[in-house]
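Shown here: start.tsv, TSV, C-alpha atoms.
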```
chain	number	residue	atom	x	y	z
A	1	MET	CA	-224.13	-131.75	-22.95
A	2	THR	CA	-227.70	-130.54	-23.26
A	3	ALA	CA	-226.76	-127.19	-21.70
A	4	ALA	CA	-224.31	-126.62	-24.56
A	5	ILE	CA	-227.00	-127.43	-27.13
A	6	VAL	CA	-229.54	-125.11	-25.49
A	7	GLY	CA	-226.89	-122.39	-25.33
A	8	PHE	CA	-225.98	-122.88	-28.99
A	9	TRP	CA	-229.57	-122.56	-30.15
A	10	ALA	CA	-230.09	-119.49	-27.97
A	11	VAL	CA	-227.06	-117.85	-29.62
A	12	ALA	CA	-228.25	-118.99	-33.04
A	13	VAL	CA	-231.68	-117.40	-32.50
A	14	VAL	CA	-229.99	-114.14	-31.44
A	15	LEU	CA	-227.76	-114.30	-34.54
A	16	LEU	CA	-230.67	-114.90	-36.92
A	17	ALA	CA	-232.89	-112.23	-35.34
A	18	ALA	CA	-230.07	-109.68	-35.46
A	19	SER	CA	-229.33	-110.60	-39.10
A	20	LEU	CA	-232.98	-110.07	-40.03
A	21	ALA	CA	-232.92	-106.72	-38.25
A	22	VAL	CA	-229.81	-105.73	-40.26
A	23	VAL	CA	-231.56	-106.26	-43.59
A	24	LEU	CA	-235.08	-105.13	-42.66
A	25	LEU	CA	-234.83	-102.06	-40.41
A	26	PRO	CA	-235.56	-98.79	-42.24
A	27	ASN	CA	-232.97	-96.80	-40.26
A	28	LEU	CA	-229.48	-97.75	-41.45
A	29	PHE	CA	-227.87	-96.68	-38.17
A	30	HIS	CA	-229.98	-99.23	-36.27
A	31	SER	CA	-228.95	-101.80	-38.88
A	32	VAL	CA	-225.30	-101.24	-38.02
A	33	LEU	CA	-225.98	-101.68	-34.30
A	34	PHE	CA	-227.71	-105.00	-35.01
A	35	LEU	CA	-224.81	-105.96	-37.28
A	36	ALA	CA	-222.58	-105.58	-34.22
A	37	VAL	CA	-224.93	-107.89	-32.28
A	38	ALA	CA	-224.84	-110.45	-35.11
A	39	LEU	CA	-221.03	-110.33	-35.29
A	40	VAL	CA	-220.65	-110.83	-31.53
A	41	ALA	CA	-223.12	-113.75	-31.69
A	42	THR	CA	-220.99	-115.27	-34.46
A	43	GLY	CA	-217.97	-114.88	-32.19
A	44	VAL	CA	-219.79	-116.79	-29.44
A	45	ILE	CA	-220.48	-119.56	-31.98
A	46	PHE	CA	-216.71	-119.65	-32.60
A	47	LEU	CA	-216.32	-120.18	-28.83
A	48	PHE	CA	-218.68	-123.18	-29.08
A	49	LEU	CA	-216.36	-124.52	-31.80
A	50	GLU	CA	-213.29	-124.24	-29.52
A	51	ALA	CA	-211.73	-121.34	-31.40
A	52	PRO	CA	-211.21	-118.66	-28.71
A	53	PHE	CA	-208.57	-116.83	-30.76
A	54	LEU	CA	-211.08	-116.31	-33.58
A	55	PHE	CA	-213.55	-114.98	-31.01
A	56	GLY	CA	-210.99	-112.34	-30.04
A	57	VAL	CA	-210.23	-111.47	-33.66
A	58	GLN	CA	-213.94	-111.26	-34.42
A	59	LEU	CA	-214.50	-108.80	-31.57
A	60	LEU	CA	-211.45	-106.67	-32.39
A	61	LEU	CA	-211.70	-106.50	-36.17
A	62	TYR	CA	-215.41	-106.87	-36.92
A	63	ALA	CA	-217.33	-105.65	-33.90
A	64	GLY	CA	-214.66	-103.03	-33.18
A	65	GLY	CA	-213.20	-101.92	-36.49
A	66	VAL	CA	-215.82	-102.56	-39.15
A	67	VAL	CA	-218.77	-101.24	-37.14
A	68	VAL	CA	-216.92	-97.99	-36.33
A	69	LEU	CA	-215.97	-97.58	-40.02
A	70	VAL	CA	-219.55	-98.10	-41.17
A	71	VAL	CA	-220.90	-95.68	-38.57
A	72	PHE	CA	-218.42	-93.07	-39.83
A	73	ALA	CA	-219.53	-93.66	-43.42
A	74	ILE	CA	-223.21	-93.30	-42.49
A	75	MET	CA	-222.53	-90.09	-40.56
A	76	LEU	CA	-220.52	-88.65	-43.46
A	77	THR	CA	-223.01	-89.56	-46.17
A	78	GLU	CA	-226.21	-88.71	-44.29
A	79	ARG	CA	-225.35	-85.48	-42.56
A	80	ILE	CA	-223.35	-83.50	-45.13
A	81	VAL	CA	-226.37	-82.23	-47.00
A	82	GLY	CA	-228.42	-81.94	-43.83
A	83	GLN	CA	-231.27	-84.04	-45.10
A	84	ARG	CA	-231.82	-87.70	-44.42
A	85	ILE	CA	-231.47	-90.09	-47.31
A	86	PRO	CA	-234.48	-92.44	-47.55
A	87	GLN	CA	-233.43	-96.04	-46.89
A	88	ALA	CA	-236.31	-97.58	-48.80
A	89	SER	CA	-235.78	-101.17	-49.80
A	90	HIS	CA	-237.48	-102.39	-52.93
A	91	GLY	CA	-238.03	-105.69	-54.67
A	92	LEU	CA	-238.70	-107.31	-51.30
A	93	ILE	CA	-240.66	-110.20	-52.82
A	94	ASN	CA	-238.10	-110.92	-55.54
A	95	GLY	CA	-235.27	-110.73	-53.01
A	96	ALA	CA	-237.11	-113.10	-50.67
A	97	ILE	CA	-237.69	-115.57	-53.52
A	98	VAL	CA	-234.02	-115.59	-54.56
A	99	ALA	CA	-232.75	-115.84	-50.96
A	100	THR	CA	-235.18	-118.67	-50.15
A	101	ALA	CA	-234.16	-120.52	-53.31
A	102	VAL	CA	-230.47	-120.29	-52.34
A	103	PHE	CA	-231.26	-121.53	-48.82
A	104	ILE	CA	-233.34	-124.42	-50.16
A	105	GLY	CA	-230.50	-125.34	-52.49
A	106	VAL	CA	-227.96	-125.43	-49.66
A	107	ALA	CA	-230.35	-127.25	-47.29
A	108	GLY	CA	-231.17	-129.80	-49.98
A	109	PHE	CA	-227.47	-130.47	-50.44
A	110	LEU	CA	-227.13	-130.92	-46.67
A	111	LEU	CA	-230.01	-133.41	-46.58
A	112	GLN	CA	-228.57	-135.32	-49.51
A	113	ALA	CA	-225.05	-135.39	-48.03
A	114	GLY	CA	-226.06	-137.70	-45.19
A	115	PRO	CA	-224.67	-137.72	-41.66
A	116	ALA	CA	-221.35	-136.08	-40.87
A	117	PRO	CA	-218.34	-138.29	-40.03
A	118	ALA	CA	-217.36	-138.57	-36.41
A	119	GLU	CA	-215.51	-135.64	-34.89
A	120	LYS	CA	-211.78	-135.99	-34.55
A	121	PRO	CA	-210.28	-134.45	-31.42
A	122	SER	CA	-208.32	-131.32	-32.21
A	123	GLY	CA	-205.63	-132.28	-29.76
A	124	GLY	CA	-204.96	-129.38	-27.42
A	125	ASP	CA	-205.23	-125.62	-27.68
A	126	THR	CA	-206.15	-124.38	-31.16
A	127	THR	CA	-204.53	-121.00	-30.44
A	128	VAL	CA	-201.13	-122.66	-30.03
A	129	ALA	CA	-201.64	-124.66	-33.23
A	130	LEU	CA	-202.68	-121.47	-35.08
A	131	GLY	CA	-199.56	-119.65	-33.94
A	132	ARG	CA	-197.31	-122.51	-35.04
A	133	ALA	CA	-199.03	-122.69	-38.44
A	134	PHE	CA	-198.74	-118.92	-38.97
A	135	LEU	CA	-195.01	-118.93	-38.25
A	136	GLY	CA	-194.39	-122.23	-40.04
A	137	PRO	CA	-196.03	-123.33	-43.31
A	138	TYR	CA	-198.25	-120.24	-43.60
A	139	ALA	CA	-195.62	-117.56	-42.87
A	140	VAL	CA	-195.54	-116.21	-46.45
A	141	PRO	CA	-199.35	-115.89	-46.78
A	142	LEU	CA	-199.40	-114.11	-43.41
A	143	GLU	CA	-196.84	-111.57	-44.61
A	144	LEU	CA	-198.76	-111.11	-47.86
A	145	LEU	CA	-201.89	-110.49	-45.78
A	146	GLY	CA	-200.06	-107.72	-43.93
A	147	VAL	CA	-199.01	-106.18	-47.26
A	148	LEU	CA	-202.60	-106.43	-48.53
A	149	LEU	CA	-203.93	-104.62	-45.45
A	150	VAL	CA	-201.40	-101.80	-45.89
A	151	ILE	CA	-202.28	-101.50	-49.58
A	152	ALA	CA	-206.02	-101.48	-48.85
A	153	LEU	CA	-205.76	-98.83	-46.15
A	154	LEU	CA	-203.47	-96.65	-48.29
A	155	GLY	CA	-205.92	-97.05	-51.16
A	156	ALA	CA	-208.83	-96.07	-48.93
A	157	LEU	CA	-206.88	-92.99	-47.78
A	158	TYR	CA	-206.08	-92.12	-51.39
A	159	PHE	CA	-209.75	-92.34	-52.39
A	160	ALA	CA	-211.07	-90.38	-49.44
A	161	ARG	CA	-208.46	-87.61	-49.34
A	162	GLU	CA	-209.34	-83.96	-49.85
A	163	ASP	CA	-207.83	-82.48	-52.97
B	1	MET	CA	-222.16	-130.00	-28.62
B	2	PRO	CA	-224.65	-129.66	-31.49
B	3	GLY	CA	-223.76	-131.53	-34.66
B	4	LEU	CA	-222.13	-130.18	-37.79
B	5	SER	CA	-225.44	-129.83	-39.63
B	6	ALA	CA	-226.77	-127.41	-37.00
B	7	TYR	CA	-223.88	-125.03	-37.70
B	8	LEU	CA	-224.28	-125.45	-41.45
B	9	VAL	CA	-228.03	-124.72	-41.35
B	10	VAL	CA	-227.51	-121.60	-39.22
B	11	ALA	CA	-224.75	-120.43	-41.57
B	12	ALA	CA	-226.94	-121.06	-44.63
B	13	LEU	CA	-229.76	-119.04	-43.05
B	14	VAL	CA	-227.44	-116.12	-42.28
B	15	PHE	CA	-226.07	-116.30	-45.83
B	16	ALA	CA	-229.61	-116.23	-47.29
B	17	ILE	CA	-230.55	-113.26	-45.07
B	18	GLY	CA	-227.42	-111.41	-46.17
B	19	LEU	CA	-228.20	-112.13	-49.82
B	20	PHE	CA	-231.72	-110.80	-49.26
B	21	GLY	CA	-230.19	-107.61	-47.85
B	22	VAL	CA	-227.83	-107.21	-50.80
B	23	LEU	CA	-230.70	-107.66	-53.26
B	24	THR	CA	-233.22	-105.37	-51.58
B	25	ARG	CA	-231.21	-102.52	-50.04
B	26	ARG	CA	-230.85	-99.49	-52.25
B	27	ASN	CA	-228.36	-97.65	-50.04
B	28	ALA	CA	-224.77	-98.60	-50.93
B	29	VAL	CA	-223.82	-98.85	-47.23
B	30	GLY	CA	-226.77	-101.20	-46.68
B	31	ILE	CA	-225.51	-103.42	-49.51
B	32	LEU	CA	-222.09	-103.56	-47.84
B	33	LEU	CA	-223.77	-104.62	-44.57
B	34	GLY	CA	-225.44	-107.51	-46.42
B	35	ILE	CA	-222.07	-108.58	-47.85
B	36	GLU	CA	-220.66	-108.56	-44.30
B	37	LEU	CA	-223.39	-110.97	-43.19
B	38	MET	CA	-222.71	-113.31	-46.11
B	39	LEU	CA	-218.95	-113.43	-45.41
B	40	ASN	CA	-219.70	-114.01	-41.74
B	41	ALA	CA	-221.79	-117.07	-42.64
B	42	VAL	CA	-218.88	-118.44	-44.69
B	43	ASN	CA	-216.61	-118.07	-41.65
B	44	ILE	CA	-219.02	-120.13	-39.52
B	45	ASN	CA	-218.79	-122.92	-42.11
B	46	LEU	CA	-214.99	-122.80	-42.20
B	47	VAL	CA	-214.67	-122.96	-38.41
B	48	ALA	CA	-217.30	-125.71	-38.12
B	49	PHE	CA	-215.44	-127.94	-40.61
B	50	ALA	CA	-212.10	-127.17	-38.93
B	51	HIS	CA	-213.63	-128.31	-35.63
B	52	LEU	CA	-215.06	-131.45	-37.25
B	53	HIS	CA	-211.74	-132.52	-38.72
B	54	GLY	CA	-209.61	-131.41	-35.77
B	55	ASP	CA	-207.50	-129.48	-38.28
B	56	VAL	CA	-206.34	-125.92	-37.79
B	57	THR	CA	-206.28	-125.05	-41.51
B	58	GLY	CA	-209.95	-124.06	-41.53
B	59	LEU	CA	-209.30	-121.60	-38.74
B	60	LEU	CA	-206.41	-120.16	-40.76
B	61	PHE	CA	-208.67	-119.59	-43.73
B	62	ALA	CA	-211.30	-118.02	-41.49
B	63	LEU	CA	-208.68	-115.60	-40.17
B	64	PHE	CA	-207.62	-114.75	-43.72
B	65	THR	CA	-211.22	-114.08	-44.78
B	66	ILE	CA	-211.78	-111.89	-41.72
B	67	ALA	CA	-208.72	-109.76	-42.48
B	68	ILE	CA	-209.53	-109.51	-46.20
B	69	THR	CA	-213.12	-108.55	-45.37
B	70	VAL	CA	-211.83	-105.68	-43.24
B	71	ALA	CA	-209.70	-104.49	-46.18
B	72	GLU	CA	-212.72	-104.85	-48.48
B	73	ILE	CA	-215.01	-102.84	-46.22
B	74	ALA	CA	-212.40	-100.08	-45.83
B	75	VAL	CA	-211.97	-99.70	-49.60
B	76	GLY	CA	-215.72	-100.09	-50.20
B	77	LEU	CA	-216.64	-97.36	-47.73
B	78	ALA	CA	-213.98	-95.05	-49.18
B	79	ILE	CA	-215.52	-95.59	-52.62
B	80	VAL	CA	-218.98	-94.90	-51.19
B	81	ILE	CA	-217.75	-91.61	-49.70
B	82	VAL	CA	-216.13	-90.56	-53.00
B	83	ILE	CA	-219.34	-91.41	-54.89
B	84	PHE	CA	-221.31	-89.39	-52.38
B	85	ARG	CA	-218.99	-86.39	-52.84
B	86	VAL	CA	-219.30	-86.51	-56.61
B	87	ARG	CA	-222.95	-87.50	-57.09
B	88	ARG	CA	-224.52	-86.37	-53.78
B	89	THR	CA	-226.30	-89.71	-53.52
B	90	ILE	CA	-225.44	-93.28	-52.55
B	91	ASP	CA	-228.69	-94.73	-53.92
B	92	ALA	CA	-227.47	-97.72	-55.90
B	93	ASP	CA	-230.28	-97.34	-58.46
B	94	ARG	CA	-229.07	-93.88	-59.45
B	95	LEU	CA	-225.42	-94.93	-59.86
B	96	ASP	CA	-225.87	-96.10	-63.45
B	97	LEU	CA	-223.01	-94.32	-65.26
B	98	LEU	CA	-221.69	-97.62	-66.56
B	99	ARG	CA	-225.07	-98.80	-67.84
B	100	GLY	CA	-224.91	-98.96	-71.62
```

How would this structure read if it were set down as structure tokens?
Amino acid sequence: MTAAIVGFWAVAVVLLAASLAVVLLPNLFHSVLFLAVALVATGVIFLFLEAPFLFGVQLLLYAGGVVVLVVFAIMLTERIVGQRIPQASHGLINGAIVATAVFIGVAGFLLQAGPAPAEKPSGGDTTVALGRAFLGPYAVPLELLGVLLVIALLGALYFARED
Amino acid sequence: MPGLSAYLVVAALVFAIGLFGVLTRRNAVGILLGIELMLNAVNINLVAFAHLHGDVTGLLFALFTIAITVAEIAVGLAIVIVIFRVRRTIDADRLDLLRG
């Protein structure tokens, strides 16, 4: 019981440190590498929440697909002209104020909401339940999601084509 | 297992960090990275509540947001590359064609 809690907080510290590195590092390429770390840490948090299928999806789509896409975009936009684009952030203080205000708002709501109700057992493997839901009541949204992905990728190709 | 509020606090922190990145980064790709962090925090909340209620619907919505985020990042990066081809910069402060 305590081992799980210690493990969770260790993963949470890794997630928060990697997130801070994503937004603060001056080199955008390093930011992307730390984004991969943050996404994998999020996947491990999904494992703590008994959602192993989401862990797999997180690794395949985010840590695999998105990170590779972003690295390509950085390579294409930084190296074409042969000079490095400065990654200077600005308005650090204003950004910190707004972000802190949003966090305080959410945390205040959490404090005000009181204790969470008792956990209900999920009753077996969530992956099996997910598969049944996707082929049962959520079959149409799943198909629409497939159509959306095709449209988005065709649109991206259309934008990025040479003409 | 840690309680629900632990997950919610971590997710809120990641969301705030992502918002900070969106507000302070001037590179368009950096802004997209901040948006990724924010959506990631939302997914943690969805999965945490699904676990609390023993209901698989939250996981379904998390899967939908993950897939839609991938579509969003693909289109977003394509737009960034087109902007770079046309304007030779992806500094968000200099992309002000639509400013009145």

- [ ] May I have the residues of chain A within 6 Å of chain B, counting all atoms listed in the file, written as a list of chain:residue names?
- [x] A:Ala4, A:Ile5, A:Val23, A:Ser89, A:His90, A:Gly91, A:Leu92, A:Gly95, A:Ala99, A:Phe103, A:Glu119, A:Lys120, A:Pro121, A:Ser122, A:Leu149, A:Ala152, A:Ala156, A:Phe159, A:Ala160

Open item on the list: For a test of reading the model, state the distance in Å between CA of Val70 in chain A and CA of Pro141 in chain A, rounded to one decimal.
Closed with: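 Interatomic distance here is 27.5 Å.
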
Open item on the list: So that I can check the surroundings of Ala133 in chain A, please list as number ranges by chain every protein, DNA and RNA residue that reaches within 12 Å of it, counting all atoms listed in the file and ignoring chain neighbours fewer than 2 positions away.
Closed with: A: 126-131, 135-142; B: 55-61

What does the file look like for those residues with C-alpha atoms, as a short mmCIF file (atom, residue, chain, number, x, y, z; two decimals), keeping the file's coordinate frame?
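Result written to again28.cif:
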```
data_model
loop_
_atom_site.label_atom_id
_atom_site.label_comp_id
_atom_site.auth_asym_id
_atom_site.auth_seq_id
_atom_site.Cartn_x
_atom_site.Cartn_y
_atom_site.Cartn_z
CA THR A 126 -206.15 -124.38 -31.16
CA THR A 127 -204.53 -121.00 -30.44
CA VAL A 128 -201.13 -122.66 -30.03
CA ALA A 129 -201.64 -124.66 -33.23
CA LEU A 130 -202.68 -121.47 -35.08
CA GLY A 131 -199.56 -119.65 -33.94
CA LEU A 135 -195.01 -118.93 -38.25
CA GLY A 136 -194.39 -122.23 -40.04
CA PRO A 137 -196.03 -123.33 -43.31
CA TYR A 138 -198.25 -120.24 -43.60
CA ALA A 139 -195.62 -117.56 -42.87
CA VAL A 140 -195.54 -116.21 -46.45
CA PRO A 141 -199.35 -115.89 -46.78
CA LEU A 142 -199.40 -114.11 -43.41
CA ASP B 55 -207.50 -129.48 -38.28
CA VAL B 56 -206.34 -125.92 -37.79
CA THR B 57 -206.28 -125.05 -41.51
CA GLY B 58 -209.95 -124.06 -41.53
CA LEU B 59 -209.30 -121.60 -38.74
CA LEU B 60 -206.41 -120.16 -40.76
CA PHE B 61 -208.67 -119.59 -43.73
#
```

- [ ] Quote the spacing between CA of Leu69 in chain A and CA of Leu154 in chain A in Å to one decimal place.
- [x] 15.0 Å

Task: Interatomic distance, CA of Thr77 in chain A to CA of Leu28 in chain A (Å, one decimal) - done: 11.5 Å

Task: Selected residue of minimal separation from Leu39 in chain A among A:Val98, A:Leu15, A:Leu110, A:Ala21, counting all atoms listed in the file - done: A:Leu15

Open item on the list: Please determine, counting all atoms listed in the file, which residue among A:Gln58, A:Gln112, A:Asn27, A:Thr42 has the shortest atom-to-atom distance to Val11 in chain A.
Closed with: A:Thr42

- [ ] Kindly indicate which residue among A:Leu25, A:Leu153, A:Ala51, A:Leu60 lies nearest to Gly124 in chain A, using only C-alpha atoms for the distances.
- [x]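 Among A:Leu25, A:Leu153, A:Ala51, A:Leu60, it is A:Ala51 that comes nearest to Gly124 in chain A.
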
Starting from the sparse input, extend range 9-27 of chain B to N, CA, C and O atoms and give the output as a compact mmCIF listing (two decimals), in the coordinates of the input.
```txt
# COMPACT_ATOMS: atom_id res chain seq x y z
N VAL B 9 -226.70 -125.29 -41.09
CA VAL B 9 -228.03 -124.72 -41.35
C VAL B 9 -228.07 -123.26 -40.90
O VAL B 9 -228.58 -122.38 -41.62
N VAL B 10 -227.52 -122.99 -39.70
CA VAL B 10 -227.51 -121.60 -39.22
C VAL B 10 -226.72 -120.71 -40.19
O VAL B 10 -227.16 -119.61 -40.56
N ALA B 11 -225.56 -121.23 -40.65
CA ALA B 11 -224.75 -120.43 -41.57
C ALA B 11 -225.49 -120.20 -42.89
O ALA B 11 -225.45 -119.09 -43.43
N ALA B 12 -226.20 -121.23 -43.38
CA ALA B 12 -226.94 -121.06 -44.63
C ALA B 12 -228.05 -120.02 -44.47
O ALA B 12 -228.29 -119.21 -45.36
N LEU B 13 -228.71 -120.03 -43.29
CA LEU B 13 -229.76 -119.04 -43.05
C LEU B 13 -229.19 -117.63 -43.03
O LEU B 13 -229.74 -116.71 -43.64
N VAL B 14 -228.05 -117.45 -42.33
CA VAL B 14 -227.44 -116.12 -42.28
C VAL B 14 -227.02 -115.68 -43.68
O VAL B 14 -227.20 -114.52 -44.06
N PHE B 15 -226.48 -116.63 -44.46
CA PHE B 15 -226.07 -116.30 -45.83
C PHE B 15 -227.28 -115.85 -46.65
O PHE B 15 -227.22 -114.86 -47.38
N ALA B 16 -228.41 -116.59 -46.53
CA ALA B 16 -229.61 -116.23 -47.29
C ALA B 16 -230.13 -114.85 -46.86
O ALA B 16 -230.54 -114.04 -47.70
N ILE B 17 -230.09 -114.57 -45.55
CA ILE B 17 -230.55 -113.26 -45.07
C ILE B 17 -229.65 -112.16 -45.62
O ILE B 17 -230.13 -111.11 -46.07
N GLY B 18 -228.33 -112.41 -45.62
CA GLY B 18 -227.42 -111.41 -46.17
C GLY B 18 -227.66 -111.17 -47.65
O GLY B 18 -227.65 -110.03 -48.12
N LEU B 19 -227.91 -112.26 -48.38
CA LEU B 19 -228.20 -112.13 -49.82
C LEU B 19 -229.47 -111.32 -50.03
O LEU B 19 -229.53 -110.45 -50.93
N PHE B 20 -230.48 -111.58 -49.19
CA PHE B 20 -231.72 -110.80 -49.26
C PHE B 20 -231.42 -109.31 -49.07
O PHE B 20 -231.93 -108.46 -49.81
N GLY B 21 -230.54 -109.01 -48.09
CA GLY B 21 -230.19 -107.61 -47.85
C GLY B 21 -229.49 -106.99 -49.05
O GLY B 21 -229.79 -105.86 -49.45
N VAL B 22 -228.55 -107.74 -49.64
CA VAL B 22 -227.83 -107.21 -50.80
C VAL B 22 -228.79 -106.92 -51.95
O VAL B 22 -228.67 -105.92 -52.65
N LEU B 23 -229.79 -107.82 -52.13
CA LEU B 23 -230.70 -107.66 -53.26
C LEU B 23 -231.71 -106.55 -53.04
O LEU B 23 -232.17 -105.93 -54.01
N THR B 24 -232.11 -106.30 -51.79
CA THR B 24 -233.22 -105.37 -51.58
C THR B 24 -232.78 -103.98 -51.15
O THR B 24 -233.50 -103.03 -51.40
N ARG B 25 -231.63 -103.85 -50.48
CA ARG B 25 -231.21 -102.52 -50.04
C ARG B 25 -230.87 -101.65 -51.23
O ARG B 25 -230.25 -102.13 -52.19
N ARG B 26 -231.24 -100.40 -51.18
CA ARG B 26 -230.85 -99.49 -52.25
C ARG B 26 -229.72 -98.58 -51.83
O ARG B 26 -229.09 -97.96 -52.67
N ASN B 27 -229.47 -98.47 -50.53
CA ASN B 27 -228.36 -97.65 -50.04
C ASN B 27 -227.07 -98.46 -50.15
O ASN B 27 -227.03 -99.63 -49.77
```
